[in-house]
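Before any comments, here is the structure.
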Amino acid sequence: MTAPTGNQSRRLNESLRSLTAYYLTSEGFDAEASSIHSKISTALEAGLLPDVTGVPGIWIDVSARGNHRLSVDLDSARATAALAGYPVTALVQSRGGRGIDEAFVVTSLADFAKLANGDHLP
């Protein structure tokens with residue numbers, strides 16, 4: 001995707017992507033942080049990718065906002081995930097002064113039910 005919208009800074013968002021991918025890797029996933037593209041043309045060439053890849057069937061976006069806007073950010077992530085064909089969307093929201101393992105993960109109740117039932121897996 002192009003530069004993160006509404007995040008405190010590009011560098012902070014890149015760090016949160018990397019920390020999220022690192023944490024998920026330590027939990028057994030083949031997670032990777034997606035690049036932030038500075039040009040729309042480069043982003044279009046790369047295609048639609050979540051901020052963190054490697055968790056089957058789940059579109060993961062991250063937000064490093066100082067002021068949480070969970071509803072707006074989750075709706076935005078869900079719209080992009082739907083275009084890319086992902087059945088479940090999750091938003092990782094950092095919590096200032098806390099480790100990545102204490103970040104919020106926000107999803108809809110419908111997506112949570114898919115996760116709990118395993119319906120998101122291909």
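Residues are referred to by chain and number: the chain letter is A, B, ... according to the order shown in the structure tokens, the number counts from 1 in that chain, and ligands are numbered separately from 1 in the order shown.
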Residues flagged helix (DSSP H, G or I) by DSSP in region 8-65 of chain A, as a ChimeraX atom specification:
/A:10-26,40-46
Go through region 1-91 of chain A and collect every residue that DSSP, computed from the backbone, puts in strand (DSSP E); the answer should be as JSON, numbers by chain.
{"A": [32, 33, 52, 53, 58, 59, 60, 61, 62, 63, 88, 89, 90, 91]}
Using only C-alpha atoms, which residue out of A:Ser94, A:Ala84, A:Pro56, A:Leu48 lies closest to Arg17 (chain A)?
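Nearest to Arg17 (chain A): A:Ser94.
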Would you please work out which residue, of A:Gly47, A:Asn13, A:Asp101, A:Val88, is nearest to Ala113 (chain A) when using only C-alpha atoms?
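Closest to Ala113 (chain A), using only C-alpha atoms: A:Val88.
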Counting only C-alpha atoms, which residues of region 97-120 of chain A sit at most 10 Å from some atom of region 57-64 of chain A, and what is each one's closest atom pair with its distance in Å to one decimal, listed by chain and rising residue number, as CSV?
```
residue,atom,partner,partner_atom,distance
A:Ala103,CA,A:Val62,CA,9.9
A:Phe104,CA,A:Val62,CA,9.8
A:Val105,CA,A:Val62,CA,9.0
A:Val106,CA,A:Ile60,CA,9.9
A:Thr107,CA,A:Ile60,CA,9.9
A:Asp111,CA,A:Ile58,CA,9.4
A:Leu115,CA,A:Ile58,CA,8.9
A:Gly118,CA,A:Gly57,CA,9.8
A:Asp119,CA,A:Gly57,CA,9.0
A:His120,CA,A:Gly57,CA,5.3
```
Grab the residues selected above and save them as a compact mmCIF listing (two decimals), in the first residue's frame with all heavy atoms.
```txt
# COMPACT_ATOMS: atom_id res chain seq x y z
N ALA A 103 -0.50 -5.31 22.11
CA ALA A 103 -1.25 -4.49 21.15
C ALA A 103 -2.67 -5.01 21.06
O ALA A 103 -2.95 -6.19 21.31
CB ALA A 103 -0.58 -4.56 19.78
N PHE A 104 -3.59 -4.13 20.74
CA PHE A 104 -4.96 -4.54 20.50
C PHE A 104 -5.06 -5.21 19.14
O PHE A 104 -4.41 -4.78 18.18
CB PHE A 104 -5.92 -3.35 20.48
CG PHE A 104 -6.10 -2.67 21.81
CD1 PHE A 104 -5.98 -1.30 21.91
CD2 PHE A 104 -6.40 -3.38 22.95
CE1 PHE A 104 -6.17 -0.65 23.11
CE2 PHE A 104 -6.58 -2.75 24.17
CZ PHE A 104 -6.46 -1.37 24.24
N VAL A 105 -5.88 -6.23 19.02
CA VAL A 105 -6.26 -6.79 17.73
C VAL A 105 -7.77 -6.67 17.67
O VAL A 105 -8.49 -7.24 18.49
CB VAL A 105 -5.82 -8.26 17.57
CG1 VAL A 105 -6.32 -8.80 16.23
CG2 VAL A 105 -4.31 -8.38 17.67
N VAL A 106 -8.25 -5.91 16.69
CA VAL A 106 -9.67 -5.61 16.57
C VAL A 106 -10.22 -6.29 15.32
O VAL A 106 -9.60 -6.25 14.26
CB VAL A 106 -9.90 -4.08 16.47
CG1 VAL A 106 -11.37 -3.75 16.38
CG2 VAL A 106 -9.25 -3.38 17.65
N THR A 107 -11.36 -6.91 15.47
CA THR A 107 -12.05 -7.53 14.34
C THR A 107 -13.55 -7.42 14.60
O THR A 107 -13.96 -7.08 15.72
CB THR A 107 -11.59 -8.99 14.15
OG1 THR A 107 -12.06 -9.46 12.91
CG2 THR A 107 -12.02 -9.89 15.27
N ASP A 111 -16.31 -11.73 11.91
CA ASP A 111 -14.99 -12.27 11.59
C ASP A 111 -14.44 -13.10 12.75
O ASP A 111 -13.78 -14.11 12.53
CB ASP A 111 -14.01 -11.15 11.23
CG ASP A 111 -14.20 -10.65 9.80
OD1 ASP A 111 -15.01 -11.23 9.05
OD2 ASP A 111 -13.51 -9.67 9.44
N LEU A 115 -13.10 -16.97 12.66
CA LEU A 115 -11.84 -17.41 13.25
C LEU A 115 -12.06 -18.58 14.21
O LEU A 115 -11.36 -19.58 14.18
CB LEU A 115 -11.14 -16.27 13.97
CG LEU A 115 -10.57 -15.16 13.11
CD1 LEU A 115 -10.13 -13.99 13.99
CD2 LEU A 115 -9.40 -15.68 12.28
N GLY A 118 -12.87 -21.68 12.39
CA GLY A 118 -11.89 -22.09 11.39
C GLY A 118 -12.38 -21.88 9.97
O GLY A 118 -11.79 -22.42 9.02
N ASP A 119 -13.44 -21.09 9.80
CA ASP A 119 -14.04 -20.87 8.47
C ASP A 119 -13.20 -19.97 7.57
O ASP A 119 -13.50 -19.83 6.40
CB ASP A 119 -15.43 -20.25 8.61
CG ASP A 119 -16.43 -21.20 9.25
OD1 ASP A 119 -16.16 -22.42 9.30
OD2 ASP A 119 -17.48 -20.71 9.72
N HIS A 120 -12.16 -19.35 8.09
CA HIS A 120 -11.34 -18.44 7.30
C HIS A 120 -10.24 -19.17 6.53
O HIS A 120 -9.59 -18.59 5.68
CB HIS A 120 -10.70 -17.39 8.22
CG HIS A 120 -9.70 -17.98 9.16
ND1 HIS A 120 -10.05 -18.83 10.20
CD2 HIS A 120 -8.36 -17.85 9.23
CE1 HIS A 120 -8.97 -19.19 10.84
NE2 HIS A 120 -7.93 -18.61 10.29
```
Could you jot down the CA of Arg95 (chain A) to CA of Ala110 (chain A) separation for me, Å, one decimal place?
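Interatomic distance here is 24.4 Å.
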List as a list in words the protein and nucleic acid residues near Gly54 (chain A), meaning an atom at most 12 Å away when only C-alpha atoms are counted, but skip any in the same chain fewer than 6 places from it.
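Using only C-alpha atoms, the neighbours found are Thr20, Ala21, Tyr22, Leu24, Thr25, Glu27, Gly28, Phe29, Asp30, Ala31, Glu32, Ala33, Ser34 and Ile60 of chain A.
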